[in-house]
$ cat protein26.tsv   # TSV, C-alpha atoms
chain	number	residue	atom	x	y	z
A	1	MET	CA	130.79	68.00	94.91
A	2	ASN	CA	128.82	64.86	95.76
A	3	ASP	CA	128.47	64.68	99.54
A	4	GLU	CA	125.58	63.15	101.45
A	5	LYS	CA	123.40	64.29	104.33
A	6	GLN	CA	120.93	62.41	106.51
A	7	PRO	CA	117.86	64.40	107.65
A	8	LYS	CA	116.59	63.65	111.17
A	9	ILE	CA	112.89	63.65	110.34
A	10	ARG	CA	111.71	61.56	107.39
A	11	PHE	CA	108.55	60.26	105.86
A	12	LYS	CA	108.01	56.60	106.68
A	13	GLY	CA	109.87	54.23	104.39
A	14	PHE	CA	112.72	56.57	103.39
A	15	GLU	CA	116.19	55.95	104.77
A	16	ASP	CA	118.63	56.83	101.99
A	17	PRO	CA	120.81	59.93	102.55
A	18	TRP	CA	120.23	63.13	100.62
A	19	GLU	CA	122.86	63.98	98.03
A	20	GLN	CA	124.47	67.42	98.24
A	21	ARG	CA	125.23	69.04	94.88
A	22	LYS	CA	126.11	72.46	93.60
A	23	PHE	CA	123.11	74.05	91.91
A	24	GLY	CA	124.97	74.53	88.61
A	25	GLU	CA	125.96	70.86	88.49
A	26	VAL	CA	122.40	69.66	88.04
A	27	ILE	CA	120.43	72.70	86.82
A	28	VAL	CA	120.97	74.89	83.75
A	29	LEU	CA	119.85	78.53	83.76
A	30	VAL	CA	118.30	79.80	80.51
A	31	GLY	CA	117.78	83.53	80.01
A	32	GLY	CA	115.72	85.64	77.66
A	33	GLY	CA	115.48	89.09	76.15
A	34	THR	CA	113.28	91.90	74.83
A	35	PRO	CA	112.26	92.39	71.18
A	36	ALA	CA	112.79	95.90	69.82
A	37	LYS	CA	109.95	97.97	71.23
A	38	ASN	CA	109.92	100.34	68.26
A	39	ASN	CA	109.06	97.54	65.81
A	40	PHE	CA	105.29	97.07	65.82
A	41	LYS	CA	105.67	93.73	63.97
A	42	TYR	CA	107.21	92.24	67.12
A	43	TRP	CA	104.40	93.10	69.53
A	44	ASN	CA	100.72	92.36	70.18
A	45	GLY	CA	101.00	88.79	69.02
A	46	ASP	CA	99.88	85.61	70.77
A	47	ILE	CA	103.02	84.69	72.76
A	48	SER	CA	103.03	85.71	76.43
A	49	TRP	CA	106.14	87.76	77.20
A	50	LEU	CA	107.09	87.90	80.87
A	51	SER	CA	109.04	90.56	82.72
A	52	SER	CA	110.22	90.34	86.32
A	53	GLN	CA	107.18	92.27	87.61
A	54	GLU	CA	104.90	89.41	86.60
A	55	ILE	CA	106.63	86.67	88.61
A	56	LYS	CA	104.35	87.05	91.63
A	57	SER	CA	102.33	83.85	92.15
A	58	LYS	CA	103.23	80.17	92.08
A	59	TYR	CA	101.77	79.59	88.60
A	60	ILE	CA	101.94	81.82	85.56
A	61	GLY	CA	100.71	81.34	82.02
A	62	SER	CA	99.61	84.76	80.80
A	63	SER	CA	101.11	88.23	80.81
A	64	THR	CA	100.49	91.92	80.30
A	65	TYR	CA	102.45	92.01	77.05
A	66	TYR	CA	102.45	89.64	74.09
A	67	ILE	CA	104.92	89.26	71.26
A	68	THR	CA	104.77	87.75	67.78
A	69	LYS	CA	106.69	84.80	66.38
A	70	GLU	CA	108.71	87.33	64.38
A	71	GLY	CA	109.57	89.20	67.57
A	72	LEU	CA	110.65	85.97	69.24
A	73	ASP	CA	112.80	84.92	66.28
A	74	ASN	CA	114.50	88.32	65.98
A	75	SER	CA	115.46	88.85	69.61
A	76	SER	CA	117.11	87.05	72.49
A	77	ALA	CA	113.71	86.33	74.05
A	78	ARG	CA	113.36	82.62	74.75
A	79	LEU	CA	110.28	80.45	74.54
A	80	ILE	CA	109.90	78.34	77.67
A	81	SER	CA	107.73	75.24	77.82
A	82	PRO	CA	105.06	74.57	80.46
A	83	GLY	CA	106.19	73.09	83.75
A	84	ARG	CA	109.40	75.08	84.13
A	85	LEU	CA	110.58	76.98	87.18
A	86	LEU	CA	111.11	80.69	86.51
A	87	ILE	CA	113.16	82.90	88.84
A	88	VAL	CA	113.80	86.63	88.89
A	89	VAL	CA	117.52	87.47	88.71
A	90	ARG	CA	117.41	91.26	88.31
A	91	SER	CA	114.86	93.54	89.97
A	92	GLY	CA	114.36	95.86	92.92
A	93	ILE	CA	112.06	93.21	94.43
A	94	LEU	CA	115.18	91.17	95.23
A	95	ALA	CA	115.79	93.54	98.13
A	96	ARG	CA	112.80	91.89	99.85
A	97	ARG	CA	112.04	88.53	98.30
A	98	PHE	CA	113.13	85.97	95.70
A	99	PRO	CA	110.25	85.51	93.22
A	100	ILE	CA	109.65	82.03	91.79
A	101	SER	CA	106.88	80.82	89.47
A	102	ILE	CA	106.01	77.73	87.48
A	103	SER	CA	105.02	78.18	83.83
A	104	THR	CA	101.65	76.65	82.92
A	105	GLU	CA	101.77	77.58	79.23
A	106	TYR	CA	104.44	78.34	76.65
A	107	VAL	CA	105.86	81.74	77.62
A	108	ALA	CA	108.67	83.99	76.46
A	109	ILE	CA	110.91	85.54	79.11
A	110	ASN	CA	112.99	88.69	79.19
A	111	GLN	CA	116.55	89.25	80.37
A	112	ASP	CA	115.58	89.67	84.04
A	113	ILE	CA	114.26	86.12	84.32
A	114	LYS	CA	115.93	82.73	84.18
A	115	ALA	CA	114.25	79.41	83.47
A	116	LEU	CA	115.58	76.36	85.28
A	117	ILE	CA	116.22	73.33	83.08
A	118	PHE	CA	116.91	69.98	84.75
A	119	ASP	CA	116.51	66.25	84.28
A	120	GLU	CA	112.96	65.49	85.42
A	121	LYS	CA	113.96	61.88	86.03
A	122	LYS	CA	116.25	63.12	88.80
A	123	ILE	CA	114.59	66.28	90.13
A	124	VAL	CA	110.89	66.79	90.90
A	125	LEU	CA	109.44	70.20	90.01
A	126	ASP	CA	107.40	70.78	93.20
A	127	PHE	CA	110.27	69.61	95.39
A	128	MET	CA	112.71	72.05	93.80
A	129	PHE	CA	110.15	74.87	94.01
A	130	SER	CA	109.80	74.28	97.75
A	131	GLN	CA	113.55	73.95	98.26
A	132	LEU	CA	114.19	77.31	96.60
A	133	GLN	CA	111.52	78.86	98.82
A	134	TYR	CA	113.31	77.43	101.83
A	135	LEU	CA	116.64	78.85	100.57
A	136	GLU	CA	115.19	82.33	100.02
A	137	PRO	CA	116.73	83.91	103.18
A	138	PHE	CA	120.17	82.57	102.26
A	139	ILE	CA	119.83	83.76	98.65
A	140	LEU	CA	118.76	87.26	99.69
A	141	ARG	CA	121.46	87.52	102.33
A	142	SER	CA	124.43	85.93	100.55
A	143	ILE	CA	123.82	85.83	96.78
A	144	VAL	CA	121.78	88.91	95.86
A	145	LYS	CA	123.98	91.93	95.19
A	146	SER	CA	123.03	95.60	95.06
A	147	GLY	CA	123.70	97.58	91.90
A	148	THR	CA	123.44	101.28	91.15
A	149	THR	CA	119.68	101.12	90.64
A	150	VAL	CA	118.46	97.54	91.21
A	151	GLN	CA	119.43	94.30	92.91
A	152	SER	CA	120.56	91.23	91.01
A	153	VAL	CA	121.44	87.61	91.66
A	154	ASN	CA	125.17	86.89	91.53
A	155	LEU	CA	124.89	84.02	89.08
A	156	PRO	CA	128.35	82.47	89.64
A	157	ASP	CA	127.60	82.28	93.38
A	158	PHE	CA	124.08	81.03	92.71
A	159	LYS	CA	125.45	78.16	90.64
A	160	LYS	CA	127.76	77.24	93.54
A	161	MET	CA	124.89	77.17	96.04
A	162	ILE	CA	124.45	73.76	97.66
A	163	ILE	CA	121.11	72.03	97.19
A	164	GLU	CA	119.86	68.75	98.64
A	165	ILE	CA	118.63	65.94	96.39
A	166	PRO	CA	116.94	62.89	97.91
A	167	LEU	CA	115.81	59.91	95.86
A	168	ILE	CA	113.15	60.77	93.29
A	169	SER	CA	110.47	58.87	95.25
A	170	GLU	CA	111.11	60.94	98.38
A	171	GLN	CA	111.18	64.15	96.35
A	172	LYS	CA	107.73	63.29	94.96
A	173	THR	CA	106.36	62.72	98.47
A	174	ILE	CA	107.78	65.97	99.86
A	175	GLY	CA	106.87	67.98	96.76
A	176	GLN	CA	103.30	66.68	96.83
A	177	LEU	CA	102.92	67.69	100.48
A	178	PHE	CA	103.98	71.26	99.76
A	179	LYS	CA	101.78	71.37	96.66
A	180	ILE	CA	98.79	70.41	98.79
A	181	PHE	CA	99.63	73.20	101.26
A	182	ASP	CA	99.97	75.77	98.48
A	183	ASP	CA	96.75	74.67	96.75
A	184	LEU	CA	94.77	74.74	100.00
A	185	ILE	CA	96.05	78.18	100.89
A	186	ALA	CA	95.40	79.51	97.38
A	187	ALA	CA	91.88	78.05	97.42
A	188	ASN	CA	91.14	79.85	100.66
A	189	GLN	CA	92.87	83.02	99.43
A	190	CYS	CA	94.57	83.28	102.79
A	191	GLN	CA	97.70	85.17	101.87
A	192	GLN	CA	98.72	85.93	105.45
A	193	LYS	CA	98.76	82.22	106.32
A	194	ARG	CA	100.75	81.55	103.17
A	195	ARG	CA	103.33	84.15	104.15
A	196	ASN	CA	103.54	82.73	107.65
A	197	LEU	CA	104.06	79.22	106.30
A	198	LEU	CA	106.75	80.30	103.87
A	199	ASN	CA	108.47	82.48	106.45
A	200	SER	CA	108.56	79.77	109.08
A	201	ARG	CA	109.57	76.99	106.63
A	202	VAL	CA	109.11	74.59	109.52
A	203	PHE	CA	108.87	71.49	107.43
A	204	PHE	CA	111.97	72.04	105.35
A	205	LYS	CA	113.90	73.09	108.43
A	206	MET	CA	113.06	69.74	109.98
A	207	LEU	CA	113.86	67.79	106.83
A	208	TYR	CA	117.16	69.59	106.33
A	209	LYS	CA	118.44	69.34	109.88
A	210	ALA	CA	121.45	67.05	109.74
A	211	SER	CA	121.89	64.37	112.34
$ encode --input "protein26.tsv" --output "structure tokens"
Amino acid sequence: MNDEKQPKIRFKGFEDPWEQRKFGEVIVLVGGGTPAKNNFKYWNGDISWLSSQEIKSKYIGSSTYYITKEGLDNSSARLISPGRLLIVVRSGILARRFPISISTEYVAINQDIKALIFDEKKIVLDFMFSQLQYLEPFILRSIVKSGTTVQSVNLPDFKKMIIEIPLISEQKTIGQLFKIFDDLIAANQCQQKRRNLLNSRVFFKMLYKAS
């Protein structure tokens, strides 16, 4: 799929249409795993190991649990580089929200998390972070499925989800605006305002509204 869409409200100087693509056409999902917990050689090392419960804030670089290089090499845990989007794909929290974080250090992830790998010459990190926040209601309503004990993201449907991709220069402008909002809110520790902003998603609603 390679359709185009023209938002009504734009930043000055941008006129090119936004490209519509399926998520899985431009972004690869990379999963992780858990080293054997009964092998003490795999734990208490210096590699942060993330579980779904720790994907709470925009940025993450440390964790409750740490694994060793031996634990990483002898399990399906994956080492993710800084500056990657991390999403929760299996957890009870998916009944209420869709957690997203950005790695600030090298981190290992478990099987309930996916890292998003994409061409940074075509997709801007902060833009994609904000777009996924905007899509949260759709993801929770249409893509998250309920299991026997926990909710999970239906990955085939997630990969078919349509995302919007403007030119890289416009992505940078939009992404920077949302980064400023997030940083200001975090600096003031005003979580209620942050929730209101994310819930309203006014800016992305305006940008996405097709003419």
$ closest_residue --input "protein26.tsv" --among "A:Leu140, A:Glu19, A:Val30, A:Gln171" --to "Phe118 of chain A" --atoms "all atoms listed in the file"
A:Val30
$ atom_distance --input "protein26.tsv" --atom1 "atom CA of Lys69 of chain A" --atom2 "atom CA of Val107 of chain A"
11.7 Å
$ atom_distance --input "protein26.tsv" --atom1 "atom CA of Arg21 of chain A" --atom2 "atom CA of Leu135 of chain A"
14.2 Å
$ residues_around --input "protein26.tsv" --residues "Phe98 of chain A" --least-positions-apart "3" --cutoff "7 Å" --atoms "only C-alpha atoms" --output "NGL selection string"
:A and (88 or 94 or 136)
$ atom_distance --input "protein26.tsv" --atom1 "atom CA of Ile165 of chain A" --atom2 "atom CA of Ile55 of chain A"
25.2 Å
$ residues_around --input "protein26.tsv" --residues "Phe129 of chain A" --least-positions-apart "3" --cutoff "9 Å" --atoms "all atoms listed in the file" --output "ChimeraX atom specification"
/A:58,85,100-102,124-126,132-134,175
$ axis_aligned_box --input "protein26.tsv" --around "segment 84-103 of chain A" --padding-each-side "6 Å" --output "AutoDock Vina command-line options"
--center_x 111.3 --center_y 85.5 --center_z 91.8 --size_x 24.5 --size_y 32.8 --size_z 28.0
$ residues_near_point --input "protein26.tsv" --point "(121.1, 77.9, 81.8)" --cutoff "10 Å" --atoms "all atoms listed in the file" --output "PyMOL selection string"
chain A and resi 24+27-31+114-118+159
$ closest_residue --input "protein26.tsv" --among "A:Asp16, A:Asp112, A:Glu54, A:Glu25" --to "Val153 of chain A" --atoms "all atoms listed in the file"
A:Asp112
$ closest_residue --input "protein26.tsv" --among "A:Leu86, A:Ile139, A:Val150, A:Leu50" --to "Ile109 of chain A" --atoms "only C-alpha atoms"
A:Leu50
$ closest_residue --input "protein26.tsv" --among "A:Ser57, A:Thr68, A:Ser63, A:Gln176" --to "Asn44 of chain A" --atoms "all atoms listed in the file"
A:Thr68
$ closest_residue --input "protein26.tsv" --among "A:Gln131, A:Asn38, A:Ser81, A:Thr64" --to "Tyr106 of chain A" --atoms "all atoms listed in the file"
A:Ser81
$ residues_around --input "protein26.tsv" --residues "Ser75 of chain A" --least-positions-apart "5" --cutoff "10 Å" --atoms "all atoms listed in the file" --output "list in words"
Gly32, Gly33, Thr34, Pro35, Ala36, Tyr42, Glu70 and Asn110 of chain A
$ closest_residue --input "protein26.tsv" --among "A:Lys37, A:Arg90, A:Arg141, A:Arg96" --to "Ile113 of chain A" --atoms "all atoms listed in the file"
A:Arg90
$ residues_near_point --input "protein26.tsv" --point "(112.4, 64.8, 93.1)" --cutoff "9 Å" --atoms "only C-alpha atoms" --output "list in words"
Glu120, Lys121, Lys122, Ile123, Val124, Leu125, Asp126, Phe127, Met128, Ile165, Pro166, Leu167, Ile168, Ser169, Glu170, Gln171, Lys172, Thr173, Ile174 and Gly175 of chain A
$ residues_around --input "protein26.tsv" --residues "Ile143 of chain A" --least-positions-apart "6" --cutoff "9 Å" --atoms "all atoms listed in the file" --output "PyMOL selection string"
chain A and resi 152-155+157-158+161
$ decode --input "protein26.tsv" --residues "segment 155-168 of chain A" --atoms "all heavy atoms" --output "short mmCIF file (atom, residue, chain, number, x, y, z; two decimals), in the first residue's frame"
data_model
loop_
_atom_site.label_atom_id
_atom_site.label_comp_id
_atom_site.auth_asym_id
_atom_site.auth_seq_id
_atom_site.Cartn_x
_atom_site.Cartn_y
_atom_site.Cartn_z
N LEU A 155 -0.27 -9.26 16.57
CA LEU A 155 0.83 -8.74 15.76
C LEU A 155 0.54 -8.72 14.26
O LEU A 155 0.91 -7.76 13.58
CB LEU A 155 2.11 -9.54 16.06
CG LEU A 155 2.66 -9.34 17.49
CD1 LEU A 155 3.91 -10.18 17.70
CD2 LEU A 155 2.95 -7.87 17.76
N PRO A 156 -0.12 -9.74 13.68
CA PRO A 156 -0.45 -9.63 12.26
C PRO A 156 -1.31 -8.41 11.95
O PRO A 156 -1.07 -7.71 10.95
CB PRO A 156 -1.20 -10.94 11.97
CG PRO A 156 -0.66 -11.90 12.97
CD PRO A 156 -0.44 -11.08 14.21
N ASP A 157 -2.29 -8.11 12.81
CA ASP A 157 -3.12 -6.92 12.61
C ASP A 157 -2.32 -5.65 12.84
O ASP A 157 -2.52 -4.64 12.15
CB ASP A 157 -4.34 -6.95 13.54
CG ASP A 157 -5.38 -7.97 13.11
OD1 ASP A 157 -5.28 -8.48 11.98
OD2 ASP A 157 -6.28 -8.26 13.92
N PHE A 158 -1.44 -5.68 13.83
CA PHE A 158 -0.61 -4.51 14.11
C PHE A 158 0.25 -4.16 12.91
O PHE A 158 0.41 -2.97 12.57
CB PHE A 158 0.25 -4.79 15.34
CG PHE A 158 0.96 -3.59 15.89
CD1 PHE A 158 0.27 -2.59 16.55
CD2 PHE A 158 2.34 -3.46 15.75
CE1 PHE A 158 0.90 -1.48 17.07
CE2 PHE A 158 3.00 -2.35 16.26
CZ PHE A 158 2.28 -1.36 16.92
N LYS A 159 0.80 -5.17 12.26
CA LYS A 159 1.65 -4.92 11.09
C LYS A 159 0.87 -4.39 9.91
O LYS A 159 1.43 -3.75 9.02
CB LYS A 159 2.39 -6.21 10.71
CG LYS A 159 3.41 -6.65 11.75
CD LYS A 159 4.03 -7.99 11.38
CE LYS A 159 5.01 -8.46 12.45
NZ LYS A 159 5.59 -9.79 12.12
N LYS A 160 -0.46 -4.64 9.90
CA LYS A 160 -1.31 -4.12 8.82
C LYS A 160 -1.82 -2.72 9.10
O LYS A 160 -2.43 -2.09 8.22
CB LYS A 160 -2.50 -5.06 8.61
CG LYS A 160 -2.13 -6.45 8.11
CD LYS A 160 -3.36 -7.34 8.05
CE LYS A 160 -3.00 -8.77 7.69
NZ LYS A 160 -4.19 -9.66 7.73
N MET A 161 -1.64 -2.25 10.32
CA MET A 161 -2.13 -0.93 10.71
C MET A 161 -1.53 0.16 9.82
O MET A 161 -0.34 0.15 9.52
CB MET A 161 -1.77 -0.67 12.18
CG MET A 161 -2.22 0.65 12.72
SD MET A 161 -1.79 0.83 14.49
CE MET A 161 0.02 0.91 14.39
N ILE A 162 -2.37 1.10 9.39
CA ILE A 162 -1.92 2.17 8.52
C ILE A 162 -1.29 3.29 9.35
O ILE A 162 -1.88 3.76 10.33
CB ILE A 162 -3.09 2.73 7.69
CG1 ILE A 162 -3.71 1.60 6.84
CG2 ILE A 162 -2.60 3.87 6.80
CD1 ILE A 162 -2.75 0.93 5.89
N ILE A 163 -0.11 3.71 8.94
CA ILE A 163 0.54 4.87 9.55
C ILE A 163 0.79 5.91 8.47
O ILE A 163 0.78 5.62 7.28
CB ILE A 163 1.87 4.48 10.26
CG1 ILE A 163 2.83 3.82 9.27
CG2 ILE A 163 1.60 3.57 11.44
CD1 ILE A 163 4.20 3.53 9.87
N GLU A 164 0.99 7.15 8.92
CA GLU A 164 1.19 8.27 8.00
C GLU A 164 2.64 8.71 8.05
O GLU A 164 3.22 8.87 9.13
CB GLU A 164 0.30 9.45 8.41
CG GLU A 164 -1.15 9.06 8.71
CD GLU A 164 -1.92 8.70 7.46
OE1 GLU A 164 -1.49 9.09 6.36
OE2 GLU A 164 -2.97 8.06 7.60
N ILE A 165 3.25 8.92 6.88
CA ILE A 165 4.66 9.28 6.82
C ILE A 165 4.84 10.51 5.93
O ILE A 165 4.85 10.39 4.71
CB ILE A 165 5.52 8.11 6.30
CG1 ILE A 165 5.27 6.85 7.14
CG2 ILE A 165 7.00 8.49 6.32
CD1 ILE A 165 6.01 5.64 6.65
N PRO A 166 4.99 11.68 6.54
CA PRO A 166 5.33 12.87 5.75
C PRO A 166 6.82 12.87 5.39
O PRO A 166 7.56 11.98 5.81
CB PRO A 166 4.98 14.03 6.69
CG PRO A 166 5.09 13.45 8.06
CD PRO A 166 4.78 11.98 7.95
N LEU A 167 7.24 13.88 4.66
CA LEU A 167 8.66 14.02 4.37
C LEU A 167 9.45 14.13 5.67
O LEU A 167 8.95 14.60 6.69
CB LEU A 167 8.92 15.26 3.50
CG LEU A 167 8.37 15.22 2.06
CD1 LEU A 167 8.71 16.52 1.36
CD2 LEU A 167 8.96 14.04 1.29
N ILE A 168 10.70 13.71 5.63
CA ILE A 168 11.52 13.66 6.83
C ILE A 168 11.63 15.03 7.50
O ILE A 168 11.63 15.14 8.73
CB ILE A 168 12.93 13.09 6.51
CG1 ILE A 168 13.67 12.67 7.79
CG2 ILE A 168 13.74 14.05 5.67
CD1 ILE A 168 13.22 11.37 8.34
#
